[in-house]
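> Below are the structure tokens for one structure; questions will follow.
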Amino acid sequence: MLKTDVLIIGGGLAGLSCAYHLERSGRRVSYLVLEKGDRVGGYAGSIVKNGFIFDHTGHLLHLHDPYGKKLILNLLKGNLYLRERRSWIYSNGIYTRYPFQANTYGLPQRVIEDCVVGFLKTAGQGSNHRLFKSPSFKHWALQTFGEGICKHFMFPYNEKLWRVPLNRMTTEWQGRFVPKPKLEEVLYGSLTDQKKFFGYNAAFRYPKRGGIQSLPDALAQRIQNLHLGARVTRVDLRERVAQVNGVGEIAFKFLVNTAPLNRFVDLISWVPSSVREAGRQLRFTDVYCLSLGVQRAGVSDRHWIYFPEKRFNFYRVGFSTNFSPHVAPPGATSMYIELSRRPGEGIDLAREEKRALEGLRSCGILKSSDRLLARHWIPMPCAYVLYDFQRERALHAIFTYLRGQKVESIGRYGAWKYSFMEEAILDGKRCAQKILGVAPKSSQKLPEVELKPLK
Ligand SMILES: Cc1cc2nc3c(=O)[nH]c(=O)nc-3n(C[C@H](O)[C@H](O)[C@H](O)COP(=O)(O)OP(=O)(O)OC[C@H]3O[C@@H](n4cnc5c(N)ncnc54)[C@H](O)[C@@H]3O)c2cc1C
């Protein structure tokens, strides 16, 4: 039977980073990364079709942590553009700048009135929502932005994305993701085209060449023990053995999971029923990404556009060639269209594609004469974990159990959170440090463990 000190499930950024930091430590701790797919990167990976490099929707680098920034800049050595965000909202037949709540200038008079008057009322009321220990997202949005902004953007957009009633969602996820302008900014943005940047991602980086796949590839090049096409199908935490498709059994001392937490819980043999039940309470939203290669340069000069209105079946559209021109053949535009679904809801891709193309023509993004050089659907199950009122209790039950079993579950889906690429990399680093903190020092290699590269 193969043996390793640290078995890592998943070759996405979190798993690769954990392996990279174990390897870099210089300690003689053996590790093995198992990835079920035929490439590394998970959702931070790309697909090549007809000369286009399609990411899983937009994957832009927002670097906030000094170590994360240094590492990513080093990994991608000069292969990065720095871009100032150009994100917009399309509603009432016009474009307004992101975020909607601070940029209503140009919208029909009645919409501006609704938004500004509603916002003024919230300022008059003070923060009622502070009275509630954990308000719903719906309640919080109404208290924070007022009825008009909620009616014309916050509610329709978020309902389209999350696909659940907003009073079932908490506010824990939105801290850095939903900008909260000041009263003067809302007023100013209703009277003039305010060009001020709001939010956490006013600028972003993106690889010049290779799409976002170049980031996980750069990490993977720096680690030795990675096995692709290796799906973990069962984990026995008592015997410390994993069952892996095409490989067989692998014994481990430490286990690091980066697969979606609910699915991971289902892989564990002999798991207490309360933990299994907690896994089933974790909710999420699926995304379907329609990637298009259009035979026309400069279809839009924007980076991405939000679509809150129901008449469009998508919630967001982005233009990857504006991140880097090298993701498409010369003279072409690469773009992506994002739709979401509740899990198990089903989707008729042919029908949705027709509707999406009609929608894009109706708002003038595509012309009826446009020729498509490539089109490709990328289903993204479990793309967004849902912050509902069950989540925290369920996570508490699962993580209490996993801690007792000496298992780490990290990354956006392993830790079941709304986080980004840099954070997945930092999660991997922290996890490696934690393992190294309890692993024996360099000269005392764990005796019964042998390092066995599979690839
Ligand atoms: C629509 C969308 C847009 C996003 N946009 C951005 C953005 O602009 N900027 C940004 O920074 N972040 C963005 N993100 C977030 C980013 O994708 C994640 O933070 C990051 O990719 C998470 O990495 P991970 O390793 O935690 O998970 P994953 O990427 O999900 O990696 C987990 C890996 O585990 C593998 N796996 C699963 N089960 C098994 C098994 N049983 N056996 C073996 N392998 C298994 C999977 O194949 C996968 O490769 C976006 C996410 C989504 C969904």
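By convention in this document, the chains of the structure tokens carry letters A, B, ... by their order, each chain's residues are numbered from 1, and ligands are numbered from 1 in the order they are shown.
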Would you name the residues within 8 Å of ligand 1, counting only C-alpha atoms and all ligand atoms, and put them as number ranges by chain?
A: 9-16, 34-37, 39-45, 56-62, 229-233, 244, 258-260, 263-264, 267, 287, 289, 338, 380, 382-384, 410-414, 418-425
> Find the residues around segment 203-210 of chain A up to 9 Å (only C-alpha atoms counted), leave out those fewer than 5 positions away in its own chain, and share them as an MDAnalysis selection string.
chainID A and resid 46 53 59:63 76 78:86 215 323:327
> Using N, CA, C and O atoms, can you export the residues from the last selection as a PDB file, in the first residue's frame?

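Printed below is again30.pdb as written:
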ATOM      1  N   SER A  46      -8.272  26.915 -16.733  1.00  0.00           N
ATOM      2  CA  SER A  46      -8.809  27.380 -18.025  1.00  0.00           C
ATOM      3  C   SER A  46      -8.986  26.213 -18.988  1.00  0.00           C
ATOM      4  O   SER A  46      -8.345  25.175 -18.850  1.00  0.00           O
ATOM      5  N   ILE A  53      -8.824  30.891 -24.887  1.00  0.00           N
ATOM      6  CA  ILE A  53      -8.570  30.346 -23.536  1.00  0.00           C
ATOM      7  C   ILE A  53      -9.714  30.831 -22.655  1.00  0.00           C
ATOM      8  O   ILE A  53      -9.827  32.020 -22.372  1.00  0.00           O
ATOM      9  N   HIS A  59     -11.732  35.281 -13.696  1.00  0.00           N
ATOM     10  CA  HIS A  59     -10.896  34.981 -12.530  1.00  0.00           C
ATOM     11  C   HIS A  59      -9.773  36.006 -12.465  1.00  0.00           C
ATOM     12  O   HIS A  59      -8.745  35.865 -13.119  1.00  0.00           O
ATOM     13  N   LEU A  60     -10.004  37.015 -11.641  1.00  0.00           N
ATOM     14  CA  LEU A  60      -9.108  38.164 -11.588  1.00  0.00           C
ATOM     15  C   LEU A  60      -8.409  38.179 -10.244  1.00  0.00           C
ATOM     16  O   LEU A  60      -9.008  37.814  -9.223  1.00  0.00           O
ATOM     17  N   LEU A  61      -7.176  38.609 -10.261  1.00  0.00           N
ATOM     18  CA  LEU A  61      -6.386  38.553  -9.023  1.00  0.00           C
ATOM     19  C   LEU A  61      -6.502  39.856  -8.245  1.00  0.00           C
ATOM     20  O   LEU A  61      -6.113  40.918  -8.746  1.00  0.00           O
ATOM     21  N   HIS A  62      -7.053  39.748  -7.042  1.00  0.00           N
ATOM     22  CA  HIS A  62      -7.128  40.885  -6.124  1.00  0.00           C
ATOM     23  C   HIS A  62      -6.145  40.553  -5.001  1.00  0.00           C
ATOM     24  O   HIS A  62      -6.392  39.637  -4.226  1.00  0.00           O
ATOM     25  N   LEU A  63      -5.041  41.260  -4.957  1.00  0.00           N
ATOM     26  CA  LEU A  63      -3.987  40.895  -4.008  1.00  0.00           C
ATOM     27  C   LEU A  63      -3.958  41.888  -2.857  1.00  0.00           C
ATOM     28  O   LEU A  63      -3.685  43.068  -3.059  1.00  0.00           O
ATOM     29  N   LEU A  76       4.258  34.322 -11.094  1.00  0.00           N
ATOM     30  CA  LEU A  76       3.873  34.700 -12.461  1.00  0.00           C
ATOM     31  C   LEU A  76       4.866  35.683 -13.098  1.00  0.00           C
ATOM     32  O   LEU A  76       4.582  36.224 -14.175  1.00  0.00           O
ATOM     33  N   GLY A  78       6.342  38.694 -14.076  1.00  0.00           N
ATOM     34  CA  GLY A  78       6.192  39.583 -15.230  1.00  0.00           C
ATOM     35  C   GLY A  78       5.028  39.215 -16.144  1.00  0.00           C
ATOM     36  O   GLY A  78       4.656  39.982 -17.030  1.00  0.00           O
ATOM     37  N   ASN A  79       4.437  38.047 -15.930  1.00  0.00           N
ATOM     38  CA  ASN A  79       3.332  37.620 -16.784  1.00  0.00           C
ATOM     39  C   ASN A  79       1.998  38.152 -16.238  1.00  0.00           C
ATOM     40  O   ASN A  79       1.031  37.409 -16.082  1.00  0.00           O
ATOM     41  N   LEU A  80       1.959  39.440 -15.907  1.00  0.00           N
ATOM     42  CA  LEU A  80       0.726  39.982 -15.313  1.00  0.00           C
ATOM     43  C   LEU A  80       0.437  41.391 -15.827  1.00  0.00           C
ATOM     44  O   LEU A  80       1.345  42.222 -15.903  1.00  0.00           O
ATOM     45  N   TYR A  81      -0.807  41.636 -16.146  1.00  0.00           N
ATOM     46  CA  TYR A  81      -1.265  43.005 -16.398  1.00  0.00           C
ATOM     47  C   TYR A  81      -1.882  43.521 -15.109  1.00  0.00           C
ATOM     48  O   TYR A  81      -2.496  42.761 -14.360  1.00  0.00           O
ATOM     49  N   LEU A  82      -1.752  44.826 -14.865  1.00  0.00           N
ATOM     50  CA  LEU A  82      -2.491  45.462 -13.774  1.00  0.00           C
ATOM     51  C   LEU A  82      -3.562  46.324 -14.431  1.00  0.00           C
ATOM     52  O   LEU A  82      -3.243  47.184 -15.268  1.00  0.00           O
ATOM     53  N   ARG A  83      -4.813  46.061 -14.105  1.00  0.00           N
ATOM     54  CA  ARG A  83      -5.926  46.761 -14.764  1.00  0.00           C
ATOM     55  C   ARG A  83      -6.757  47.535 -13.760  1.00  0.00           C
ATOM     56  O   ARG A  83      -6.974  47.063 -12.637  1.00  0.00           O
ATOM     57  N   GLU A  84      -7.239  48.684 -14.159  1.00  0.00           N
ATOM     58  CA  GLU A  84      -8.203  49.424 -13.353  1.00  0.00           C
ATOM     59  C   GLU A  84      -9.597  48.941 -13.746  1.00  0.00           C
ATOM     60  O   GLU A  84      -9.941  48.953 -14.929  1.00  0.00           O
ATOM     61  N   ARG A  85     -10.354  48.547 -12.752  1.00  0.00           N
ATOM     62  CA  ARG A  85     -11.660  47.944 -13.014  1.00  0.00           C
ATOM     63  C   ARG A  85     -12.579  48.856 -13.842  1.00  0.00           C
ATOM     64  O   ARG A  85     -12.700  50.048 -13.572  1.00  0.00           O
ATOM     65  N   ARG A  86     -13.213  48.258 -14.852  1.00  0.00           N
ATOM     66  CA  ARG A  86     -14.275  48.975 -15.573  1.00  0.00           C
ATOM     67  C   ARG A  86     -15.530  48.103 -15.513  1.00  0.00           C
ATOM     68  O   ARG A  86     -15.787  47.296 -16.404  1.00  0.00           O
ATOM     69  N   LEU A 215      -1.523  30.412 -13.242  1.00  0.00           N
ATOM     70  CA  LEU A 215      -1.217  30.500 -11.802  1.00  0.00           C
ATOM     71  C   LEU A 215      -1.115  29.104 -11.155  1.00  0.00           C
ATOM     72  O   LEU A 215      -0.062  28.773 -10.582  1.00  0.00           O
ATOM     73  N   PHE A 323      -9.196  41.692 -20.254  1.00  0.00           N
ATOM     74  CA  PHE A 323      -8.231  41.374 -19.184  1.00  0.00           C
ATOM     75  C   PHE A 323      -6.849  41.156 -19.835  1.00  0.00           C
ATOM     76  O   PHE A 323      -5.849  41.640 -19.359  1.00  0.00           O
ATOM     77  N   SER A 324      -6.859  40.365 -20.908  1.00  0.00           N
ATOM     78  CA  SER A 324      -5.639  40.132 -21.689  1.00  0.00           C
ATOM     79  C   SER A 324      -6.048  39.850 -23.133  1.00  0.00           C
ATOM     80  O   SER A 324      -6.890  38.989 -23.384  1.00  0.00           O
ATOM     81  N   PRO A 325      -5.427  40.531 -24.092  1.00  0.00           N
ATOM     82  CA  PRO A 325      -5.784  40.269 -25.492  1.00  0.00           C
ATOM     83  C   PRO A 325      -5.342  38.882 -25.955  1.00  0.00           C
ATOM     84  O   PRO A 325      -5.812  38.380 -26.973  1.00  0.00           O
ATOM     85  N   HIS A 326      -4.439  38.255 -25.169  1.00  0.00           N
ATOM     86  CA  HIS A 326      -3.853  36.989 -25.631  1.00  0.00           C
ATOM     87  C   HIS A 326      -4.729  35.769 -25.347  1.00  0.00           C
ATOM     88  O   HIS A 326      -4.291  34.641 -25.596  1.00  0.00           O
ATOM     89  N   VAL A 327      -5.936  35.985 -24.830  1.00  0.00           N
ATOM     90  CA  VAL A 327      -6.797  34.818 -24.586  1.00  0.00           C
ATOM     91  C   VAL A 327      -7.675  34.503 -25.795  1.00  0.00           C
ATOM     92  O   VAL A 327      -8.533  33.627 -25.733  1.00  0.00           O
TER      93      VAL A 327
END
> Quick one: pull the distance between atom CA of Ile365 of chain A and atom CA of Arg296 of chain A, Å, one decimal.
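Between these atoms lies a distance of 11.4 Å.
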> So, with only C-alpha atoms as the atoms that count, which of A:Phe153, A:Val271, A:Glu352, A:Leu142 lies closest to Asn92 of chain A?
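That would be A:Phe153, the residue with the smallest distance to Asn92 of chain A.
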> For Pro329 of chain A, which residue among A:Gln174, A:Ala297, A:Arg361, A:Arg110 is the nearest when counting only C-alpha atoms?
A:Ala297
> Would you give me, as an MDAnalysis selection string, the residues in segment 8-183 of chain A that DSSP reads as helix (DSSP H, G or I)?
chainID A and resid 13:24 42:44 66:75 100:102 109:125 128:131 137:162 166:168 183
> So how many Å separate atom CA of Pro381 of chain A and atom CA of Phe399 of chain A, to one decimal?
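Taking atom CA of Pro381 of chain A and atom CA of Phe399 of chain A, their separation equals 22.6 Å.
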> I want to know what sits within 9 Å of segment 308-315 of chain A, based on only C-alpha atoms, with residues of the same chain fewer than 5 positions away left out; could you give that as an MDAnalysis selection string?
chainID A and resid 89:92 152:161 337:340 352 355:356 358:360
> Could you write out the selected residues, including N, CA and C atoms, as a PDB file, in the first residue's frame?

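Output contents, as saved in result22.pdb:
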ATOM      1  N   ILE A  89     -23.298  48.460 -14.700  1.00  0.00           N
ATOM      2  CA  ILE A  89     -24.593  47.799 -14.527  1.00  0.00           C
ATOM      3  C   ILE A  89     -25.458  48.203 -15.717  1.00  0.00           C
ATOM      4  N   TYR A  90     -26.179  47.247 -16.261  1.00  0.00           N
ATOM      5  CA  TYR A  90     -27.101  47.574 -17.350  1.00  0.00           C
ATOM      6  C   TYR A  90     -28.530  47.414 -16.825  1.00  0.00           C
ATOM      7  N   SER A  91     -29.267  48.537 -16.785  1.00  0.00           N
ATOM      8  CA  SER A  91     -30.683  48.459 -16.398  1.00  0.00           C
ATOM      9  C   SER A  91     -31.414  49.651 -16.997  1.00  0.00           C
ATOM     10  N   ASN A  92     -32.683  49.512 -17.173  1.00  0.00           N
ATOM     11  CA  ASN A  92     -33.509  50.564 -17.783  1.00  0.00           C
ATOM     12  C   ASN A  92     -32.933  51.033 -19.116  1.00  0.00           C
ATOM     13  N   HIS A 152     -34.458  48.396  -7.202  1.00  0.00           N
ATOM     14  CA  HIS A 152     -33.924  48.521  -8.556  1.00  0.00           C
ATOM     15  C   HIS A 152     -32.623  47.753  -8.781  1.00  0.00           C
ATOM     16  N   PHE A 153     -31.962  47.331  -7.705  1.00  0.00           N
ATOM     17  CA  PHE A 153     -30.739  46.542  -7.936  1.00  0.00           C
ATOM     18  C   PHE A 153     -30.520  45.420  -6.920  1.00  0.00           C
ATOM     19  N   MET A 154     -30.409  45.774  -5.636  1.00  0.00           N
ATOM     20  CA  MET A 154     -29.968  44.783  -4.628  1.00  0.00           C
ATOM     21  C   MET A 154     -30.807  43.512  -4.634  1.00  0.00           C
ATOM     22  N   PHE A 155     -32.120  43.669  -4.662  1.00  0.00           N
ATOM     23  CA  PHE A 155     -32.971  42.478  -4.591  1.00  0.00           C
ATOM     24  C   PHE A 155     -32.959  41.692  -5.908  1.00  0.00           C
ATOM     25  N   PRO A 156     -33.275  42.348  -7.039  1.00  0.00           N
ATOM     26  CA  PRO A 156     -33.314  41.524  -8.265  1.00  0.00           C
ATOM     27  C   PRO A 156     -31.970  40.902  -8.596  1.00  0.00           C
ATOM     28  N   TYR A 157     -30.873  41.636  -8.397  1.00  0.00           N
ATOM     29  CA  TYR A 157     -29.563  41.071  -8.754  1.00  0.00           C
ATOM     30  C   TYR A 157     -29.225  39.886  -7.845  1.00  0.00           C
ATOM     31  N   ASN A 158     -29.382  40.077  -6.546  1.00  0.00           N
ATOM     32  CA  ASN A 158     -28.994  39.002  -5.622  1.00  0.00           C
ATOM     33  C   ASN A 158     -29.927  37.801  -5.699  1.00  0.00           C
ATOM     34  N   GLU A 159     -31.202  38.051  -5.997  1.00  0.00           N
ATOM     35  CA  GLU A 159     -32.111  36.907  -6.165  1.00  0.00           C
ATOM     36  C   GLU A 159     -31.722  36.092  -7.401  1.00  0.00           C
ATOM     37  N   LYS A 160     -31.282  36.811  -8.439  1.00  0.00           N
ATOM     38  CA  LYS A 160     -30.870  36.128  -9.666  1.00  0.00           C
ATOM     39  C   LYS A 160     -29.613  35.300  -9.439  1.00  0.00           C
ATOM     40  N   LEU A 161     -28.702  35.845  -8.667  1.00  0.00           N
ATOM     41  CA  LEU A 161     -27.439  35.136  -8.417  1.00  0.00           C
ATOM     42  C   LEU A 161     -27.628  33.983  -7.423  1.00  0.00           C
ATOM     43  N   ILE A 337     -20.702  34.537 -20.125  1.00  0.00           N
ATOM     44  CA  ILE A 337     -22.053  34.893 -19.682  1.00  0.00           C
ATOM     45  C   ILE A 337     -22.370  33.960 -18.512  1.00  0.00           C
ATOM     46  N   GLU A 338     -22.793  34.536 -17.384  1.00  0.00           N
ATOM     47  CA  GLU A 338     -22.985  33.727 -16.177  1.00  0.00           C
ATOM     48  C   GLU A 338     -24.461  33.584 -15.817  1.00  0.00           C
ATOM     49  N   LEU A 339     -24.876  32.331 -15.641  1.00  0.00           N
ATOM     50  CA  LEU A 339     -26.238  32.016 -15.188  1.00  0.00           C
ATOM     51  C   LEU A 339     -26.107  31.198 -13.907  1.00  0.00           C
ATOM     52  N   SER A 340     -27.111  31.246 -13.064  1.00  0.00           N
ATOM     53  CA  SER A 340     -27.017  30.385 -11.881  1.00  0.00           C
ATOM     54  C   SER A 340     -28.295  29.556 -11.731  1.00  0.00           C
ATOM     55  N   GLU A 352     -31.283  28.078 -22.971  1.00  0.00           N
ATOM     56  CA  GLU A 352     -30.675  29.223 -22.267  1.00  0.00           C
ATOM     57  C   GLU A 352     -29.664  29.941 -23.165  1.00  0.00           C
ATOM     58  N   ARG A 355     -31.641  32.161 -25.456  1.00  0.00           N
ATOM     59  CA  ARG A 355     -32.114  33.340 -24.695  1.00  0.00           C
ATOM     60  C   ARG A 355     -30.976  34.315 -24.405  1.00  0.00           C
ATOM     61  N   ALA A 356     -29.815  33.756 -24.066  1.00  0.00           N
ATOM     62  CA  ALA A 356     -28.668  34.619 -23.736  1.00  0.00           C
ATOM     63  C   ALA A 356     -28.241  35.411 -24.972  1.00  0.00           C
ATOM     64  N   GLU A 358     -30.054  36.194 -27.553  1.00  0.00           N
ATOM     65  CA  GLU A 358     -31.098  37.213 -27.826  1.00  0.00           C
ATOM     66  C   GLU A 358     -30.931  38.410 -26.896  1.00  0.00           C
ATOM     67  N   GLY A 359     -30.679  38.107 -25.619  1.00  0.00           N
ATOM     68  CA  GLY A 359     -30.495  39.181 -24.627  1.00  0.00           C
ATOM     69  C   GLY A 359     -29.305  40.061 -24.983  1.00  0.00           C
ATOM     70  N   LEU A 360     -28.216  39.417 -25.385  1.00  0.00           N
ATOM     71  CA  LEU A 360     -27.005  40.182 -25.721  1.00  0.00           C
ATOM     72  C   LEU A 360     -27.233  41.056 -26.954  1.00  0.00           C
TER      73      LEU A 360
END
> Have a look at A:Ser291, A:Thr170, A:Thr333, A:Thr321 and name the one nearest to Trp377 of chain A; count only C-alpha atoms.
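Looking only at the distances to Trp377 of chain A, the closest residue turns out to be A:Ser291.
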